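Q: Contents of protein16.tsv (TSV, C-alpha atoms):
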```
chain	number	residue	atom	x	y	z
A	1	MET	CA	19.11	32.90	-21.45
A	2	ASN	CA	16.57	32.11	-18.77
A	3	SER	CA	16.61	28.92	-16.73
A	4	SER	CA	13.83	27.26	-18.72
A	5	SER	CA	15.69	27.79	-21.99
A	6	HIS	CA	18.85	26.40	-20.40
A	7	LEU	CA	17.03	23.25	-19.32
A	8	GLN	CA	15.59	22.76	-22.79
A	9	ASN	CA	19.10	22.62	-24.21
A	10	VAL	CA	20.27	19.83	-21.86
A	11	PRO	CA	20.44	16.49	-23.75
A	12	ARG	CA	17.93	13.98	-22.39
A	13	ASN	CA	19.18	10.58	-21.17
A	14	PRO	CA	16.43	7.91	-21.23
A	15	LEU	CA	18.42	5.56	-18.98
A	16	ARG	CA	18.89	8.33	-16.44
A	17	ASN	CA	15.16	9.03	-16.47
A	18	ILE	CA	14.41	5.36	-15.89
A	19	SER	CA	16.92	5.24	-13.04
A	20	LEU	CA	15.39	8.30	-11.43
A	21	ALA	CA	11.93	6.77	-11.76
A	22	LEU	CA	13.11	3.57	-10.09
A	23	LEU	CA	14.73	5.52	-7.28
A	24	PHE	CA	11.48	7.43	-6.77
A	25	LEU	CA	9.46	4.21	-6.59
A	26	LEU	CA	11.91	2.63	-4.16
A	27	GLY	CA	11.81	5.75	-2.01
A	28	ALA	CA	8.01	5.73	-2.01
A	29	ALA	CA	7.95	2.05	-1.06
A	30	HIS	CA	10.40	2.71	1.78
A	31	ALA	CA	8.29	5.61	3.04
A	32	ALA	CA	5.16	3.44	2.92
A	33	ALA	CA	6.94	0.76	4.92
A	34	GLU	CA	8.14	3.31	7.48
A	35	GLY	CA	4.71	4.82	7.96
A	36	GLY	CA	2.59	1.84	7.01
A	37	ALA	CA	1.24	-1.16	8.85
A	38	LEU	CA	2.04	-1.68	12.51
A	39	VAL	CA	3.55	-4.98	13.62
A	40	PRO	CA	0.90	-7.13	15.36
A	41	THR	CA	1.38	-8.08	18.99
A	42	PRO	CA	2.55	-11.72	19.26
A	43	GLU	CA	-0.38	-14.14	19.41
A	44	THR	CA	-0.17	-16.81	22.12
A	45	GLY	CA	-3.58	-18.51	21.94
A	46	PHE	CA	-6.29	-18.81	24.55
A	47	GLY	CA	-4.76	-21.77	26.40
A	48	PRO	CA	-6.62	-24.30	28.56
A	49	PHE	CA	-7.72	-21.93	31.33
A	50	TYR	CA	-9.84	-19.34	29.52
A	51	PRO	CA	-12.80	-18.58	31.83
A	52	ALA	CA	-15.22	-21.47	31.54
A	53	GLU	CA	-18.12	-19.94	33.45
A	54	ASP	CA	-19.54	-16.45	33.49
A	55	ALA	CA	-19.27	-14.72	36.84
A	56	LEU	CA	-21.43	-12.14	38.55
A	57	ASP	CA	-18.33	-10.08	39.29
A	58	ARG	CA	-16.44	-9.66	36.04
A	59	ASP	CA	-15.38	-6.02	35.93
A	60	HIS	CA	-11.95	-4.45	35.36
A	61	ASP	CA	-10.95	-4.50	39.06
A	62	LEU	CA	-9.73	-7.99	39.99
A	63	THR	CA	-8.61	-6.86	43.45
A	64	ARG	CA	-12.20	-6.67	44.74
A	65	PHE	CA	-14.35	-9.76	44.51
A	66	GLY	CA	-18.09	-9.30	44.93
A	67	ASP	CA	-19.11	-7.70	48.21
A	68	SER	CA	-16.15	-9.15	50.09
A	69	ASP	CA	-13.79	-6.83	51.96
A	70	ALA	CA	-10.98	-9.39	51.64
A	71	LYS	CA	-7.79	-8.13	50.02
A	72	PRO	CA	-6.01	-10.32	47.46
A	73	ASN	CA	-2.59	-11.74	48.22
A	74	GLY	CA	0.18	-10.34	46.04
A	75	GLN	CA	1.45	-7.08	44.62
A	76	ILE	CA	-1.33	-4.93	43.18
A	77	ILE	CA	-0.70	-3.47	39.72
A	78	GLU	CA	-2.62	-1.28	37.29
A	79	VAL	CA	-2.28	-1.85	33.56
A	80	GLU	CA	-3.62	0.36	30.80
A	81	GLY	CA	-3.11	0.58	27.09
A	82	ILE	CA	-4.54	1.33	23.67
A	83	VAL	CA	-5.87	-1.28	21.24
A	84	ARG	CA	-5.19	-0.63	17.55
A	85	ASP	CA	-5.38	-2.50	14.27
A	86	VAL	CA	-2.36	-2.85	11.98
A	87	ARG	CA	-3.30	0.39	10.18
A	88	GLY	CA	-2.92	2.26	13.45
A	89	GLU	CA	-6.64	2.92	13.89
A	90	VAL	CA	-7.89	2.61	17.47
A	91	LEU	CA	-10.53	-0.03	18.12
A	92	VAL	CA	-13.44	1.58	19.93
A	93	GLY	CA	-15.77	-0.63	21.98
A	94	ALA	CA	-13.57	-3.72	21.72
A	95	GLU	CA	-14.02	-6.22	24.54
A	96	VAL	CA	-10.78	-6.86	26.42
A	97	VAL	CA	-10.66	-9.87	28.77
A	98	ILE	CA	-7.82	-10.84	31.12
A	99	TRP	CA	-7.41	-14.05	33.11
A	100	GLN	CA	-4.53	-15.22	35.25
A	101	THR	CA	-3.28	-17.15	38.25
A	102	ASP	CA	-3.33	-15.86	41.79
A	103	THR	CA	-0.09	-15.14	43.61
A	104	HIS	CA	0.32	-18.89	44.29
A	105	GLY	CA	0.22	-19.78	40.57
A	106	LYS	CA	-3.30	-21.23	40.54
A	107	TYR	CA	-6.14	-20.53	38.10
A	108	ASN	CA	-9.80	-20.54	39.08
A	109	HIS	CA	-10.89	-23.07	36.45
A	110	PRO	CA	-12.51	-26.55	36.43
A	111	SER	CA	-9.46	-27.99	34.65
A	112	GLU	CA	-7.02	-26.62	37.21
A	113	ASP	CA	-5.45	-29.57	39.05
A	114	ARG	CA	-2.30	-27.98	40.43
A	115	LYS	CA	-1.31	-29.19	43.89
A	116	ALA	CA	0.79	-27.74	46.66
A	117	ALA	CA	4.35	-29.01	47.22
A	118	ASN	CA	3.04	-31.39	49.90
A	119	GLY	CA	0.40	-32.80	47.53
A	120	GLY	CA	-2.48	-30.95	49.15
A	121	GLU	CA	-5.04	-28.67	47.56
A	122	ILE	CA	-4.20	-25.04	46.88
A	123	PRO	CA	-7.14	-22.97	48.12
A	124	LEU	CA	-8.53	-20.17	45.99
A	125	ASP	CA	-7.85	-16.62	47.12
A	126	PRO	CA	-11.21	-15.26	48.41
A	127	GLY	CA	-10.10	-11.69	47.74
A	128	PHE	CA	-9.11	-12.20	44.12
A	129	GLN	CA	-11.38	-12.17	41.05
A	130	TYR	CA	-9.07	-14.22	38.73
A	131	TRP	CA	-10.52	-12.75	35.53
A	132	GLY	CA	-12.23	-9.61	34.34
A	133	ARG	CA	-13.31	-7.75	31.27
A	134	THR	CA	-13.89	-4.24	30.02
A	135	ARG	CA	-14.39	-2.33	26.76
A	136	THR	CA	-12.15	0.20	25.10
A	137	ASP	CA	-13.32	3.81	25.22
A	138	ALA	CA	-13.59	6.38	22.43
A	139	ASP	CA	-9.78	6.60	22.32
A	140	GLY	CA	-9.25	2.84	22.19
A	141	LYS	CA	-8.06	2.77	25.83
A	142	TYR	CA	-8.60	0.02	28.41
A	143	PHE	CA	-7.68	-0.30	32.09
A	144	PHE	CA	-7.33	-3.16	34.60
A	145	ARG	CA	-6.41	-3.36	38.27
A	146	THR	CA	-5.04	-6.76	39.28
A	147	ILE	CA	-1.97	-8.43	40.85
A	148	ILE	CA	1.32	-9.81	39.57
A	149	PRO	CA	0.51	-13.48	38.89
A	150	GLY	CA	2.38	-16.37	40.43
A	151	SER	CA	4.43	-18.77	38.33
A	152	TYR	CA	3.73	-22.43	37.65
A	153	GLY	CA	6.82	-23.29	35.61
A	154	ARG	CA	6.31	-20.63	32.95
A	155	ALA	CA	7.36	-17.00	32.88
A	156	ARG	CA	4.80	-14.99	34.85
A	157	HIS	CA	2.04	-13.81	32.55
A	158	ILE	CA	-1.46	-12.40	32.31
A	159	HIS	CA	-3.60	-13.76	29.48
A	160	CYS	CA	-5.39	-11.11	27.44
A	161	SER	CA	-7.91	-11.37	24.61
A	162	VAL	CA	-9.49	-8.78	22.34
A	163	SER	CA	-12.81	-9.25	20.54
A	164	HIS	CA	-13.94	-6.60	18.06
A	165	ARG	CA	-16.18	-6.16	15.04
A	166	LYS	CA	-13.31	-5.93	12.56
A	167	GLY	CA	-12.01	-9.48	12.87
A	168	GLN	CA	-11.56	-12.68	14.82
A	169	PRO	CA	-10.91	-12.76	18.60
A	170	PHE	CA	-7.23	-12.38	19.35
A	171	ALA	CA	-5.31	-13.67	22.38
A	172	THR	CA	-1.93	-12.65	23.71
A	173	GLU	CA	-0.13	-12.34	27.06
A	174	MET	CA	1.43	-9.66	29.24
A	175	HIS	CA	4.87	-10.60	30.59
A	176	PHE	CA	7.24	-8.99	33.10
A	177	ALA	CA	10.87	-7.90	32.94
A	178	ASN	CA	13.74	-9.84	34.52
A	179	ASP	CA	11.82	-13.11	34.70
A	180	PRO	CA	14.29	-15.99	35.25
A	181	LEU	CA	12.01	-18.40	33.36
A	182	ALA	CA	11.81	-16.31	30.18
A	183	ASP	CA	14.44	-18.32	28.27
A	184	ASP	CA	12.75	-21.66	28.97
A	185	ASP	CA	9.10	-20.68	28.55
A	186	PHE	CA	7.30	-23.41	26.61
A	187	VAL	CA	4.70	-21.11	25.01
A	188	THR	CA	6.60	-17.99	24.00
A	189	SER	CA	10.09	-17.58	22.59
A	190	ARG	CA	12.51	-15.16	24.24
A	191	GLN	CA	11.95	-12.73	21.36
A	192	GLU	CA	8.17	-12.87	21.87
A	193	HIS	CA	8.61	-12.53	25.64
A	194	ASP	CA	10.64	-9.35	25.17
A	195	ARG	CA	7.87	-7.85	23.02
A	196	LEU	CA	5.19	-8.70	25.59
A	197	ILE	CA	6.78	-7.06	28.64
A	198	VAL	CA	4.83	-4.63	30.80
A	199	GLU	CA	7.29	-2.18	32.35
A	200	LEU	CA	6.03	-1.48	35.88
A	201	GLU	CA	6.75	1.71	37.76
A	202	ALA	CA	6.11	2.46	41.43
A	203	THR	CA	3.51	5.04	42.48
A	204	THR	CA	3.11	6.93	45.73
A	205	SER	CA	0.20	4.66	46.67
A	206	GLY	CA	2.39	1.53	46.53
A	207	VAL	CA	0.57	0.23	43.46
A	208	LEU	CA	2.76	-0.57	40.45
A	209	ARG	CA	1.58	0.85	37.16
A	210	GLY	CA	2.37	-0.21	33.59
A	211	ARG	CA	1.31	0.13	29.97
A	212	PHE	CA	0.56	-2.58	27.44
A	213	ASP	CA	-0.57	-1.42	23.99
A	214	ILE	CA	-2.04	-4.09	21.72
A	215	VAL	CA	-1.96	-4.27	17.91
A	216	VAL	CA	-4.38	-6.90	16.63
A	217	PRO	CA	-3.73	-8.60	13.28
A	218	GLU	CA	-5.97	-8.45	10.23
A	219	GLY	CA	-8.69	-11.03	9.77
```
Just give me the structure of the file as structure tokens.
A:
Amino acid sequence: MNSSSHLQNVPRNPLRNISLALLFLLGAAHAAAEGGALVPTPETGFGPFYPAEDALDRDHDLTRFGDSDAKPNGQIIEVEGIVRDVRGEVLVGAEVVIWQTDTHGKYNHPSEDRKAANGGEIPLDPGFQYWGRTRTDADGKYFFRTIIPGSYGRARHIHCSVSHRKGQPFATEMHFANDPLADDDFVTSRQEHDRLIVELEATTSGVLRGRFDIVVPEG
């Protein structure tokens, strides 16, 4: 008796067939979940210090401001990453904007009213650009050169927004590891902070380099 004849003689169990069908569907659903939508990067909002005025110098290098030869105060870092949607598709030509404080914790913004410890004005850093923007390339990649921002009572952070043709503008933040203010940050939870960390590594040039991939939500 060949194998096909043997199988034809096996009594059929309808309940077993239903059970197998359910197991197949559950397995397919699990596989879809494993290889399906990416988890969006935590959204933090644009905050009160989004750039209010366009600037002549608004490129991806915040460590050079206009024609000035002045160097910014603070540790220079380079951050790159890939912007994707929740389906994992890279977003080509998306505008990525970052804005942040200087090393003293001050924004360059009309609403900025932070004072020094003695009550005096905090001067702007003439060698720092404070915000910049770029567009993702054909691989969805972006790149910025900036500094580690100063703190003003929150965990240190760099604001970042993404605007693209597939949905609404999206704003998040880049955070840094081992920040003592992470547990008490009044904008992000500790869980969100941990998902927003840029791991920085030293380079031979003395510049720290890190990666921050962004997954924008639908809509």
Q: Could you tell me how far atom CA of A:Phe143 lies from atom CA of A:Val79, in Å and to one decimal?
A: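 Straight-line distance from atom CA of A:Phe143 to atom CA of A:Val79 works out to 5.8 Å.
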Q: What gap, in Å, lies between atom CA of A:His60 and atom CA of A:Asp125?
A: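 Calculated distance between atom CA of A:His60 and atom CA of A:Asp125 is 17.4 Å.
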Q: I'd like the interatomic distance between atom CA of A:Gly210 and atom CA of A:Ile158, to a tenth of an Å.
A: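 These two atoms are separated by 12.8 Å.
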Q: With only C-alpha atoms as the atoms that count, which of A:Gly206, A:Gly153, A:Gly127, A:Gly140 lies nearest to A:Glu89?
A: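 Going through A:Gly206, A:Gly153, A:Gly127, A:Gly140 one by one, the smallest distance to A:Glu89 is for A:Gly140.
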Q: Around the point (-9.0, 3.9, 18.0) (coordinates from the file), which residues reach within 7 Å if we count only C-alpha atoms? Answer as a count of residues only.
A: 9
Q: Find the residue from A:Glu121, A:Asn108, A:Ala177, A:Pro126 that sits nearest to A:Gly66; use only C-alpha atoms when measuring.
A: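 Closest candidate: A:Pro126.
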Q: Name the residues in contact with A:Glu53 at a cut-off of 12 Å, using all atoms listed in the file, excluding same-chain residues fewer than 6 positions from it; report them as an mmCIF file with C-alpha atoms, in the frame of the given file.
A:
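To be explicit, this is the file written out as out39.cif:
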```cif
data_model
loop_
_atom_site.group_PDB
_atom_site.id
_atom_site.type_symbol
_atom_site.label_atom_id
_atom_site.label_comp_id
_atom_site.auth_asym_id
_atom_site.auth_seq_id
_atom_site.Cartn_x
_atom_site.Cartn_y
_atom_site.Cartn_z
ATOM 1 C CA ASN A 108 -9.800 -20.540 39.080
ATOM 2 C CA HIS A 109 -10.890 -23.070 36.450
ATOM 3 C CA PRO A 110 -12.510 -26.550 36.430
ATOM 4 C CA SER A 111 -9.460 -27.990 34.650
ATOM 5 C CA TYR A 130 -9.070 -14.220 38.730
ATOM 6 C CA TRP A 131 -10.520 -12.750 35.530
ATOM 7 C CA GLY A 132 -12.230 -9.610 34.340
#
```
Q: Near A:Arg114, counting all atoms listed in the file, which residues have an atom at most 12 Å away, once you skip same-chain residues fewer than 4 positions from it, shown as number ranges by chain?
A: A: 101, 104-110, 118-124, 151-153
Q: Can you spit out the residues from that selection as a PDB file, in the coordinates of the input, using C-alpha atoms?
A:
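Output file selection36.pdb is given in full below:
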```
ATOM      1  CA  THR A 101      -3.280 -17.150  38.250  1.00  0.00           C
ATOM      2  CA  HIS A 104       0.320 -18.890  44.290  1.00  0.00           C
ATOM      3  CA  GLY A 105       0.220 -19.780  40.570  1.00  0.00           C
ATOM      4  CA  LYS A 106      -3.300 -21.230  40.540  1.00  0.00           C
ATOM      5  CA  TYR A 107      -6.140 -20.530  38.100  1.00  0.00           C
ATOM      6  CA  ASN A 108      -9.800 -20.540  39.080  1.00  0.00           C
ATOM      7  CA  HIS A 109     -10.890 -23.070  36.450  1.00  0.00           C
ATOM      8  CA  PRO A 110     -12.510 -26.550  36.430  1.00  0.00           C
ATOM      9  CA  ASN A 118       3.040 -31.390  49.900  1.00  0.00           C
ATOM     10  CA  GLY A 119       0.400 -32.800  47.530  1.00  0.00           C
ATOM     11  CA  GLY A 120      -2.480 -30.950  49.150  1.00  0.00           C
ATOM     12  CA  GLU A 121      -5.040 -28.670  47.560  1.00  0.00           C
ATOM     13  CA  ILE A 122      -4.200 -25.040  46.880  1.00  0.00           C
ATOM     14  CA  PRO A 123      -7.140 -22.970  48.120  1.00  0.00           C
ATOM     15  CA  LEU A 124      -8.530 -20.170  45.990  1.00  0.00           C
ATOM     16  CA  SER A 151       4.430 -18.770  38.330  1.00  0.00           C
ATOM     17  CA  TYR A 152       3.730 -22.430  37.650  1.00  0.00           C
ATOM     18  CA  GLY A 153       6.820 -23.290  35.610  1.00  0.00           C
TER      19      GLY A 153
END
```
Q: Once N, CA, C and O atoms are restored for stretch 114-131 of chain A, what would the output be as a short mmCIF file (atom, residue, chain, number, x, y, z; two decimals), keeping the file's coordinate frame?
A:
```cif
data_model
loop_
_atom_site.label_atom_id
_atom_site.label_comp_id
_atom_site.auth_asym_id
_atom_site.auth_seq_id
_atom_site.Cartn_x
_atom_site.Cartn_y
_atom_site.Cartn_z
N ARG A 114 -3.61 -28.21 39.81
CA ARG A 114 -2.30 -27.98 40.43
C ARG A 114 -2.37 -28.23 41.93
O ARG A 114 -3.34 -27.84 42.59
N LYS A 115 -1.36 -28.86 42.47
CA LYS A 115 -1.31 -29.19 43.89
C LYS A 115 -0.17 -28.43 44.57
O LYS A 115 0.76 -27.96 43.93
N ALA A 116 -0.27 -28.34 45.87
CA ALA A 116 0.79 -27.74 46.66
C ALA A 116 1.99 -28.69 46.69
O ALA A 116 1.90 -29.86 46.29
N ALA A 117 3.12 -28.21 47.18
CA ALA A 117 4.35 -29.01 47.22
C ALA A 117 4.17 -30.28 48.05
O ALA A 117 4.78 -31.31 47.78
N ASN A 118 3.28 -30.22 49.05
CA ASN A 118 3.04 -31.39 49.90
C ASN A 118 1.94 -32.30 49.35
O ASN A 118 1.52 -33.26 50.00
N GLY A 119 1.44 -31.99 48.15
CA GLY A 119 0.40 -32.80 47.53
C GLY A 119 -1.01 -32.38 47.89
O GLY A 119 -1.98 -32.93 47.35
N GLY A 120 -1.15 -31.41 48.75
CA GLY A 120 -2.48 -30.95 49.15
C GLY A 120 -3.08 -29.95 48.17
O GLY A 120 -2.43 -29.51 47.22
N GLU A 121 -4.34 -29.62 48.42
CA GLU A 121 -5.04 -28.67 47.56
C GLU A 121 -4.53 -27.24 47.81
O GLU A 121 -4.15 -26.89 48.93
N ILE A 122 -4.51 -26.46 46.76
CA ILE A 122 -4.20 -25.04 46.88
C ILE A 122 -5.52 -24.28 46.93
O ILE A 122 -6.27 -24.29 45.95
N PRO A 123 -5.84 -23.66 48.04
CA PRO A 123 -7.14 -22.97 48.12
C PRO A 123 -7.17 -21.73 47.24
O PRO A 123 -6.14 -21.10 46.97
N LEU A 124 -8.36 -21.39 46.76
CA LEU A 124 -8.53 -20.17 45.99
C LEU A 124 -8.42 -18.97 46.91
O LEU A 124 -8.74 -19.04 48.10
N ASP A 125 -7.97 -17.86 46.37
CA ASP A 125 -7.85 -16.62 47.12
C ASP A 125 -9.22 -15.95 47.16
O ASP A 125 -9.73 -15.51 46.13
N PRO A 126 -9.85 -15.83 48.34
CA PRO A 126 -11.21 -15.26 48.41
C PRO A 126 -11.26 -13.78 48.06
O PRO A 126 -12.34 -13.24 47.80
N GLY A 127 -10.11 -13.11 48.05
CA GLY A 127 -10.10 -11.69 47.74
C GLY A 127 -9.70 -11.37 46.31
O GLY A 127 -9.55 -10.20 45.96
N PHE A 128 -9.56 -12.42 45.48
CA PHE A 128 -9.11 -12.20 44.12
C PHE A 128 -10.15 -12.67 43.12
O PHE A 128 -10.77 -13.72 43.29
N GLN A 129 -10.32 -11.91 42.04
CA GLN A 129 -11.38 -12.17 41.05
C GLN A 129 -10.94 -13.14 39.95
O GLN A 129 -11.81 -13.70 39.27
N TYR A 130 -9.67 -13.28 39.69
CA TYR A 130 -9.07 -14.22 38.73
C TYR A 130 -9.27 -13.82 37.26
O TYR A 130 -8.43 -14.14 36.44
N TRP A 131 -10.35 -13.23 36.89
CA TRP A 131 -10.52 -12.75 35.53
C TRP A 131 -11.47 -11.56 35.50
O TRP A 131 -12.27 -11.37 36.41
#
```
